[in-house]
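Below is input.csv, which holds CSV, C-alpha atoms.
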chain,number,residue,atom,x,y,z
H,1,MET,CA,91.4,83.9,71.6
H,2,THR,CA,90.6,86.6,74.3
H,3,PRO,CA,92.6,89.8,74.5
H,4,LYS,CA,94.3,88.6,77.7
H,5,GLU,CA,95.2,85.3,76.0
H,6,ARG,CA,96.5,87.1,73.0
H,7,LEU,CA,98.7,89.3,75.3
H,8,GLN,CA,100.1,86.2,76.9
H,9,SER,CA,100.7,84.3,73.7
H,10,SER,CA,104.3,83.7,72.6
H,11,SER,CA,104.1,85.5,69.3
H,12,PRO,CA,101.8,87.8,67.3
H,13,ALA,CA,98.7,85.9,66.2
H,14,PRO,CA,98.3,85.4,62.4
H,15,VAL,CA,96.1,88.0,60.7
H,16,ALA,CA,93.8,86.3,58.2
H,17,SER,CA,91.0,88.8,58.1
H,18,PRO,CA,89.9,92.3,59.2
H,19,ALA,CA,88.4,90.7,62.3
H,20,ASP,CA,91.8,89.4,63.3
H,21,ALA,CA,93.4,92.8,62.4
H,22,ARG,CA,91.0,94.5,64.8
H,23,GLU,CA,92.8,92.9,67.6
H,24,ARG,CA,96.1,94.4,66.5
H,25,LEU,CA,95.0,98.0,66.0
H,26,ILE,CA,94.9,100.4,69.0
H,27,VAL,CA,93.2,103.7,68.4
H,28,ALA,CA,94.6,106.6,70.5
H,29,LEU,CA,91.8,108.6,72.2
H,30,ASP,CA,93.9,111.7,72.5
H,31,PHE,CA,91.1,114.1,73.4
H,32,PRO,CA,90.6,116.5,76.3
H,33,SER,CA,87.2,115.1,77.3
H,34,SER,CA,85.3,111.9,77.6
H,35,HIS,CA,82.5,113.3,75.4
H,36,GLU,CA,84.9,113.8,72.5
H,37,ALA,CA,86.6,110.5,73.0
H,38,LEU,CA,83.3,108.5,73.1
H,39,ASP,CA,82.0,110.4,70.1
H,40,LEU,CA,85.0,109.1,68.2
H,41,VAL,CA,84.4,105.5,69.5
H,42,ASP,CA,80.8,105.7,68.2
H,43,ARG,CA,82.0,107.0,64.8
H,44,LEU,CA,84.4,104.1,64.4
H,45,ASP,CA,81.4,101.8,64.4
H,46,GLY,CA,83.3,98.7,65.7
H,47,ALA,CA,86.3,99.1,63.5
H,48,CYS,CA,88.7,98.3,66.4
H,49,ARG,CA,88.7,96.5,69.7
H,50,TRP,CA,91.5,98.4,71.5
H,51,PHE,CA,91.6,102.0,72.6
H,52,LYS,CA,94.5,103.9,74.2
H,53,VAL,CA,93.7,106.3,77.1
H,54,GLY,CA,96.6,108.6,77.5
H,55,LEU,CA,97.5,111.3,80.0
H,56,GLU,CA,95.4,114.1,78.5
H,57,LEU,CA,92.2,112.1,78.6
H,58,TYR,CA,92.9,110.3,81.9
H,59,LEU,CA,93.5,113.6,83.7
H,60,THR,CA,90.1,114.9,82.8
H,61,ALA,CA,88.0,111.7,82.7
H,62,GLY,CA,89.8,109.6,85.3
H,63,ASN,CA,89.0,106.0,86.0
H,64,SER,CA,85.5,106.4,84.7
H,65,ILE,CA,86.6,106.4,81.0
H,66,VAL,CA,88.4,103.1,81.5
H,67,GLY,CA,85.2,101.6,83.0
H,68,THR,CA,83.0,103.0,80.3
H,69,LEU,CA,85.1,101.5,77.5
H,70,LYS,CA,85.3,98.2,79.3
H,71,ASP,CA,81.5,98.2,79.8
H,72,ARG,CA,81.1,98.7,76.1
H,73,GLY,CA,83.2,95.6,75.5
H,74,PHE,CA,86.5,97.2,74.4
H,75,SER,CA,90.0,96.5,75.6
H,76,VAL,CA,92.0,99.4,77.1
H,77,PHE,CA,95.6,100.5,76.8
H,78,LEU,CA,96.2,102.8,79.7
H,79,ASP,CA,99.2,104.9,78.6
H,80,LEU,CA,100.3,106.8,81.7
H,81,LYS,CA,104.0,106.3,81.3
H,82,LEU,CA,104.6,106.1,85.0
H,83,HIS,CA,108.1,107.3,86.1
H,84,ASP,CA,108.9,108.1,89.7
H,85,ILE,CA,110.7,106.5,92.6
H,86,PRO,CA,110.0,102.7,93.0
H,87,ASN,CA,107.6,103.0,95.9
H,88,THR,CA,105.5,105.7,94.2
H,89,VAL,CA,105.3,103.8,90.9
H,90,ALA,CA,104.4,100.6,92.7
H,91,SER,CA,101.6,102.4,94.5
H,92,ALA,CA,100.4,104.0,91.3
H,93,VAL,CA,100.3,100.6,89.5
H,94,ARG,CA,98.4,99.2,92.5
H,95,SER,CA,95.9,102.1,92.3
H,96,VAL,CA,95.0,101.5,88.6
H,97,ALA,CA,95.6,97.7,88.3
H,98,GLY,CA,92.1,96.8,89.2
H,99,LEU,CA,90.5,99.0,86.6
H,100,GLY,CA,90.6,96.2,83.9
H,101,ALA,CA,93.0,97.8,81.5
H,102,GLY,CA,94.8,95.2,79.5
H,103,LEU,CA,98.0,97.3,79.0
H,104,LEU,CA,99.7,99.8,81.2
H,105,THR,CA,102.9,101.8,80.5
H,106,VAL,CA,105.9,102.6,82.7
H,107,HIS,CA,109.1,104.4,81.6
H,108,ALA,CA,111.9,101.9,81.1
H,109,SER,CA,114.3,104.7,82.0
H,110,GLY,CA,113.1,104.5,85.5
H,111,GLY,CA,115.5,101.7,86.0
H,112,PRO,CA,115.4,98.0,87.1
H,113,VAL,CA,114.4,98.6,90.8
H,114,MET,CA,111.4,100.7,89.7
H,115,LEU,CA,110.4,98.3,87.0
H,116,LYS,CA,110.6,95.3,89.3
H,117,ALA,CA,108.4,97.1,91.9
H,118,ALA,CA,105.9,97.9,89.2
H,119,CYS,CA,105.8,94.2,88.1
H,120,GLU,CA,105.2,93.0,91.7
H,121,SER,CA,102.3,95.4,92.1
H,122,ALA,CA,100.7,94.3,88.8
H,123,ALA,CA,101.1,90.7,89.6
H,124,ALA,CA,99.5,91.1,93.0
H,125,VAL,CA,96.2,92.1,91.5
H,126,GLU,CA,93.9,89.4,89.9
H,127,HIS,CA,93.6,90.1,86.2
H,128,GLY,CA,96.1,93.0,86.5
H,129,PRO,CA,97.4,94.8,83.4
H,130,THR,CA,100.3,93.6,81.3
H,131,LEU,CA,103.1,96.2,81.8
H,132,LEU,CA,104.9,97.8,78.8
H,133,GLY,CA,108.2,99.6,79.1
H,134,VAL,CA,108.4,102.8,77.2
H,135,THR,CA,111.8,102.9,75.6
H,136,VAL,CA,112.5,106.1,73.6
H,137,LEU,CA,109.5,108.3,72.7
H,138,THR,CA,108.8,108.5,69.0
H,139,SER,CA,109.1,112.3,69.2
H,140,MET,CA,112.8,111.9,70.0
H,141,ASP,CA,115.6,111.7,67.5
H,142,GLY,CA,119.3,111.6,67.9
H,143,ASP,CA,119.6,115.4,68.5
H,144,GLN,CA,116.9,115.3,71.2
H,145,LEU,CA,118.6,112.4,73.0
H,146,HIS,CA,122.0,114.2,73.0
H,147,CYS,CA,120.3,117.1,74.6
H,148,VAL,CA,119.4,115.0,77.6
H,149,GLY,CA,122.8,113.3,77.8
H,150,VAL,CA,122.3,110.1,75.8
H,151,THR,CA,125.2,109.9,73.4
H,152,GLY,CA,124.1,106.8,71.5
H,153,THR,CA,121.7,106.5,68.7
H,154,PRO,CA,117.9,106.1,69.3
H,155,ALA,CA,118.2,102.4,68.2
H,156,SER,CA,121.0,101.6,70.6
H,157,GLN,CA,119.2,103.3,73.5
H,158,VAL,CA,116.0,101.5,72.7
H,159,LEU,CA,117.7,98.1,72.7
H,160,ARG,CA,119.6,98.9,76.0
H,161,LEU,CA,116.4,99.9,77.7
H,162,ALA,CA,114.4,97.0,76.2
H,163,ARG,CA,116.8,94.4,77.4
H,164,MET,CA,117.0,95.9,80.9
H,165,ALA,CA,113.2,96.1,81.1
H,166,ARG,CA,112.7,92.5,80.0
H,167,ALA,CA,115.3,91.3,82.6
H,168,SER,CA,113.3,93.2,85.2
H,169,GLY,CA,110.1,91.3,84.4
H,170,ILE,CA,108.4,93.7,82.0
H,171,GLN,CA,106.4,91.7,79.4
H,172,GLY,CA,106.3,94.2,76.6
H,173,LEU,CA,107.9,97.3,75.1
H,174,VAL,CA,106.8,100.4,73.4
H,175,CYS,CA,109.1,101.3,70.5
H,176,SER,CA,109.0,103.1,67.2
H,177,PRO,CA,108.7,101.3,63.9
H,178,GLU,CA,112.4,101.9,63.2
H,179,GLU,CA,113.4,99.7,66.1
H,180,VAL,CA,110.7,97.0,66.2
H,181,GLY,CA,112.5,94.7,63.8
H,182,GLU,CA,115.7,94.8,65.7
H,183,LEU,CA,113.9,94.2,69.0
H,184,ARG,CA,111.9,91.3,67.6
H,185,GLN,CA,115.1,89.7,66.5
H,186,ALA,CA,116.9,90.4,69.7
H,187,LEU,CA,114.1,89.5,72.1
H,188,GLY,CA,112.4,86.7,70.3
H,189,THR,CA,108.7,85.9,70.0
H,190,GLN,CA,107.9,86.3,73.7
H,191,ALA,CA,108.1,90.0,73.9
H,192,ILE,CA,105.0,92.1,73.2
H,193,LEU,CA,106.0,95.0,70.9
H,194,VAL,CA,103.6,97.9,70.8
H,195,THR,CA,104.4,100.4,68.0
H,196,PRO,CA,103.2,104.0,67.8
H,197,GLY,CA,104.4,106.4,65.1
H,198,ILE,CA,102.2,104.7,62.5
H,199,ARG,CA,101.4,106.8,59.5
H,200,PRO,CA,99.7,105.5,56.4
H,201,ALA,CA,101.4,106.4,53.1
H,202,GLY,CA,100.7,110.1,52.4
H,203,SER,CA,99.9,111.1,56.0
H,204,SER,CA,101.6,114.0,57.7
H,205,ALA,CA,104.3,113.0,60.3
H,206,GLY,CA,103.1,115.6,62.7
H,207,ASP,CA,105.5,115.8,65.7
H,208,GLN,CA,106.7,112.2,65.2
H,209,LYS,CA,110.3,111.7,64.2
H,210,ARG,CA,110.5,107.9,63.8
H,211,ILE,CA,107.5,106.6,61.8
H,212,ALA,CA,106.5,103.9,59.3
H,213,THR,CA,103.4,102.6,57.5
H,214,PRO,CA,101.2,100.0,59.1
H,215,ALA,CA,102.4,97.4,56.6
H,216,ALA,CA,106.1,98.1,57.4
H,217,ALA,CA,105.5,97.9,61.1
H,218,ILE,CA,103.6,94.6,60.9
H,219,GLU,CA,106.2,93.0,58.6
H,220,ALA,CA,108.9,94.1,61.0
H,221,GLY,CA,107.3,92.2,63.9
H,222,ALA,CA,105.0,94.6,65.7
H,223,SER,CA,102.4,93.0,67.9
H,224,TYR,CA,100.1,96.0,68.1
H,225,LEU,CA,99.9,99.3,66.2
H,226,VAL,CA,98.9,102.5,67.9
H,227,VAL,CA,97.3,105.0,65.5
H,228,GLY,CA,96.0,108.4,66.5
H,229,ARG,CA,95.6,111.4,64.2
H,230,PRO,CA,95.4,109.5,60.8
H,231,ILE,CA,92.2,108.0,62.2
H,232,THR,CA,90.9,110.5,64.8
H,233,GLN,CA,91.3,113.5,62.5
H,234,ALA,CA,90.1,111.8,59.3
H,235,ALA,CA,86.9,113.0,57.7
H,236,ASP,CA,85.5,109.5,58.2
H,237,PRO,CA,87.4,107.8,61.0
H,238,ALA,CA,85.7,104.4,60.3
H,239,ILE,CA,86.9,104.4,56.7
H,240,ALA,CA,90.4,105.4,57.7
H,241,ALA,CA,90.5,102.7,60.4
H,242,ARG,CA,89.3,100.0,58.0
H,243,SER,CA,91.8,101.0,55.4
H,244,ILE,CA,94.5,100.4,58.0
H,245,LEU,CA,93.0,97.1,58.9
H,246,ASP,CA,93.2,96.0,55.2
H,247,GLU,CA,96.8,97.1,55.2
H,248,ILE,CA,97.5,95.0,58.3
H,249,VAL,CA,95.9,91.9,56.6
H,250,GLN,CA,97.8,92.4,53.4
H,251,ALA,CA,101.1,92.8,55.2
H,252,SER,CA,100.5,89.7,57.3
H,253,GLN,CA,99.7,87.6,54.3
H,254,HIS,CA,102.7,89.0,52.5
H,255,GLY,CA,105.0,87.9,55.3
H,256,SER,CA,103.5,84.5,55.7
Kindly transcribe the structure held in the file into structure tokens.
Amino acid sequence: MTPKERLQSSSPAPVASPADARERLIVALDFPSSHEALDLVDRLDGACRWFKVGLELYLTAGNSIVGTLKDRGFSVFLDLKLHDIPNTVASAVRSVAGLGAGLLTVHASGGPVMLKAACESAAAVEHGPTLLGVTVLTSMDGDQLHCVGVTGTPASQVLRLARMARASGIQGLVCSPEEVGELRQALGTQAILVTPGIRPAGSSAGDQKRIATPAAAIEAGASYLVVGRPITQAADPAIAARSILDEIVQASQHGS
């Protein structure tokens, strides 16, 4: 199954081996330069198929980093978290849709008109990216939400935004491990659920508030796991990544 076919499948594919698990792990290239990012890619020695290019790296390396990763045979999650008026977001999606990224993020809090405009732009490009709606950032907890005027819990806000995004045509959601189980139950097998905030047992939480282990997130129904510092700051990133792959396999077998 190709990455695009996997994205379009109705449910997360079974994980029977580390090779299958590689399709479920997305390593976050949160670096200030393409040199540092590609050095990490080399050090991983093929331990994953997906890489996330976020705002920090994209602003310094631009479209070229996406092209370089694609040329090396990797799949790209372009995590730009687009959020603006509908026309601007539609134009931004159109600008990057042809790069070959498999996934592209927009903020679900931009509202249904913005999300529908983004979907129309992505659909108009052959082999355009699958759009993911960012619900509530994993750095946000209840106190942080209250500060910006959201009186509900993070879980209730995630579910509200997720349902609105799906109704607007968005194929997948970004949510923390704490909400992925409820979203899988509420949205069914069709939704692609991408889960950051993954921390292997014993790892530091850093600035993340809502976290879980790889096994817990997979068992709860996550389609893809996004992992950054536990891999990128490890003494041996390849060993750290393969340890997470083993945990994904074990969790999938436990849940089957």
**Request:** Find the spatial neighbours of Ile192 (chain H), counting all atoms listed in the file, within a cut-off of 7 Å - ignore same-chain residues fewer than 5 positions away - and output them as a VMD selection string.
**Result:** chain H and resid 171 to 173 223
**Residue contacts of Ala101 (chain H) (10 Å, all atoms listed in the file) excluding same-chain residues fewer than 6 positions away, as a PyMOL selection string** = chain H and resi 51-53+66-67+69-70+74-79+127-130
**Counting all atoms listed in the file, the option among H:Pro154, H:Ala212, H:Ala234, H:Gly221 closest to Ala186 (chain H)** =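 Of all the options, H:Gly221 lies closest to Ala186 (chain H).
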**Request:** Choose the residue, out of H:His146, H:Arg22, H:Arg229, H:Arg94, that has the smallest atom-to-atom separation from Glu126 (chain H); count all atoms listed in the file.
**Result:**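 Distance minimum relative to Glu126 (chain H) lands on H:Arg94.
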Determine, for each residue of region 48-133 of chain H having at least one atom at most 10 Å from an atom of region 156-166 of chain H, the closest pair of atoms and their separation in Å to one decimal, counting all atoms listed in the file; order by chain and ascending number, as CSV.
residue,atom,partner,partner_atom,distance
H:Val106,CA,H:Ala165,CA,9.9
H:His107,CA,H:Ala165,CA,9.3
H:Ala108,CA,H:Ala165,CA,5.9
H:Ser109,CA,H:Leu161,CA,6.8
H:Gly110,CA,H:Ala165,CA,9.5
H:Gly111,CA,H:Ala165,CA,7.8
H:Pro112,CA,H:Ala165,CA,6.7
H:Met114,CA,H:Ala165,CA,9.9
H:Leu115,CA,H:Ala165,CA,6.9
H:Lys116,CA,H:Ala165,CA,8.6
H:Leu132,CA,H:Ala165,CA,8.8
H:Gly133,CA,H:Ala165,CA,6.4
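Counting only C-alpha atoms, the residue from H:Leu145, H:Ala155, H:Ala118, H:Leu57 that sits nearest to Leu82 (chain H) is H:Ala118.
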**Request:** Measure the distance from CA of Thr195 (chain H) to CA of Thr135 (chain H) in Å and round it to one decimal.
**Result:** 10.9 Å
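From CA of Thr189 (chain H) back to CA of Ala123 (chain H), the distance works out to 21.6 Å.
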Once 6 Å is added on each side, what are the centre and the three edge lengths, in Å to one decimal, of the axis-aligned box enclosing the listed atoms of region 47-59 of chain H? Present them as JSON.
{"center_x": 91.9, "center_y": 105.3, "center_z": 73.6, "size_x": 23.2, "size_y": 29.6, "size_z": 32.2}
**Asked** Quick one: distance from CA of Asp45 (chain H) to CA of Arg24 (chain H) in Å, one decimal?
**Response**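 So the two atoms, CA of Asp45 (chain H) and CA of Arg24 (chain H), lie 16.6 Å apart.
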**Prompt:** Counting only C-alpha atoms, what is within 8 Å of Cys175 (chain H), bar same-chain residues fewer than 2 positions away, as a PyMOL selection string?
**Reply:** chain H and resi 134-138+158+173+177+179-180+193-196
**Item:** Contact residues around Leu131 (chain H) with all atoms listed in the file at 6 Å, ignoring same-chain residues under 4 positions, as a PyMOL selection string
**Value:** chain H and resi 103-105+170
Requested file, region 60-141 of chain H restricted to C-alpha atoms, as a compact mmCIF listing (two decimals), in the first residue's frame:
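Final file, decode.txt:
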# COMPACT_ATOMS: atom_id res chain seq x y z
CA THR H 60 14.49 28.87 6.55
CA ALA H 61 14.58 26.08 3.95
CA GLY H 62 11.36 26.79 2.04
CA ASN H 63 9.96 24.50 -0.60
CA SER H 64 13.36 23.00 -1.31
CA ILE H 65 13.38 20.88 1.86
CA VAL H 66 10.10 19.26 0.82
CA GLY H 67 11.53 18.50 -2.60
CA THR H 68 14.74 17.08 -1.16
CA LEU H 69 12.88 14.73 1.15
CA LYS H 70 10.58 13.63 -1.66
CA ASP H 71 13.56 13.02 -3.94
CA ARG H 72 15.03 10.76 -1.26
CA GLY H 73 11.85 8.70 -1.27
CA PHE H 74 10.28 9.97 1.95
CA SER H 75 6.74 11.15 2.64
CA VAL H 76 6.30 14.67 4.00
CA PHE H 77 3.92 16.09 6.57
CA LEU H 78 3.95 19.86 5.98
CA ASP H 79 2.87 21.28 9.31
CA LEU H 80 2.19 24.96 8.56
CA LYS H 81 -1.00 25.30 10.63
CA LEU H 82 -2.54 27.74 8.18
CA HIS H 83 -4.99 30.16 9.80
CA ASP H 84 -6.19 33.33 8.08
CA ILE H 85 -9.16 34.66 6.15
CA PRO H 86 -10.62 32.06 3.75
CA ASN H 87 -9.21 33.60 0.57
CA THR H 88 -5.69 33.82 1.99
CA VAL H 89 -5.72 30.25 3.28
CA ALA H 90 -7.11 28.99 -0.02
CA SER H 91 -4.29 30.77 -1.86
CA ALA H 92 -1.68 29.43 0.56
CA VAL H 93 -2.92 25.87 0.11
CA ARG H 94 -2.82 26.37 -3.65
CA SER H 95 0.78 27.63 -3.38
CA VAL H 96 2.08 24.55 -1.59
CA ALA H 97 -0.31 21.86 -2.84
CA GLY H 98 1.90 20.94 -5.76
CA LEU H 99 5.02 20.29 -3.68
CA GLY H 100 4.15 16.64 -3.12
CA ALA H 101 3.58 16.74 0.63
CA GLY H 102 1.21 14.00 1.74
CA LEU H 103 -0.23 15.93 4.67
CA LEU H 104 -0.83 19.65 5.27
CA THR H 105 -2.26 21.28 8.39
CA VAL H 106 -4.78 24.09 8.79
CA HIS H 107 -6.21 25.36 12.07
CA ALA H 108 -9.72 24.02 12.60
CA SER H 109 -10.48 27.13 14.66
CA GLY H 110 -10.40 29.10 11.40
CA GLY H 111 -14.02 28.05 10.94
CA PRO H 112 -16.05 26.18 8.32
CA VAL H 113 -15.79 28.76 5.52
CA MET H 114 -12.00 28.82 5.77
CA LEU H 115 -11.81 25.03 5.95
CA LYS H 116 -14.06 24.53 2.94
CA ALA H 117 -11.97 27.01 0.95
CA ALA H 118 -8.82 25.09 1.88
CA CYS H 119 -10.40 21.81 0.82
CA GLU H 120 -11.43 23.21 -2.55
CA SER H 121 -7.88 24.41 -3.22
CA ALA H 122 -6.32 21.09 -2.26
CA ALA H 123 -8.82 19.14 -4.37
CA ALA H 124 -8.10 21.28 -7.42
CA VAL H 125 -4.46 20.12 -7.53
CA GLU H 126 -3.61 16.67 -8.87
CA HIS H 127 -2.05 14.60 -6.09
CA GLY H 128 -2.69 17.45 -3.66
CA PRO H 129 -2.13 16.96 0.07
CA THR H 130 -4.56 15.47 2.53
CA LEU H 131 -5.65 18.26 4.86
CA LEU H 132 -5.53 17.87 8.61
CA GLY H 133 -7.40 20.15 10.98
CA VAL H 134 -5.41 21.15 14.06
CA THR H 135 -7.79 21.06 17.01
CA VAL H 136 -6.18 22.12 20.32
CA LEU H 137 -2.39 22.35 20.50
CA THR H 138 -0.79 19.80 22.81
CA SER H 139 0.89 22.68 24.67
CA MET H 140 -2.55 23.90 25.78
CA ASP H 141 -4.33 22.75 28.93
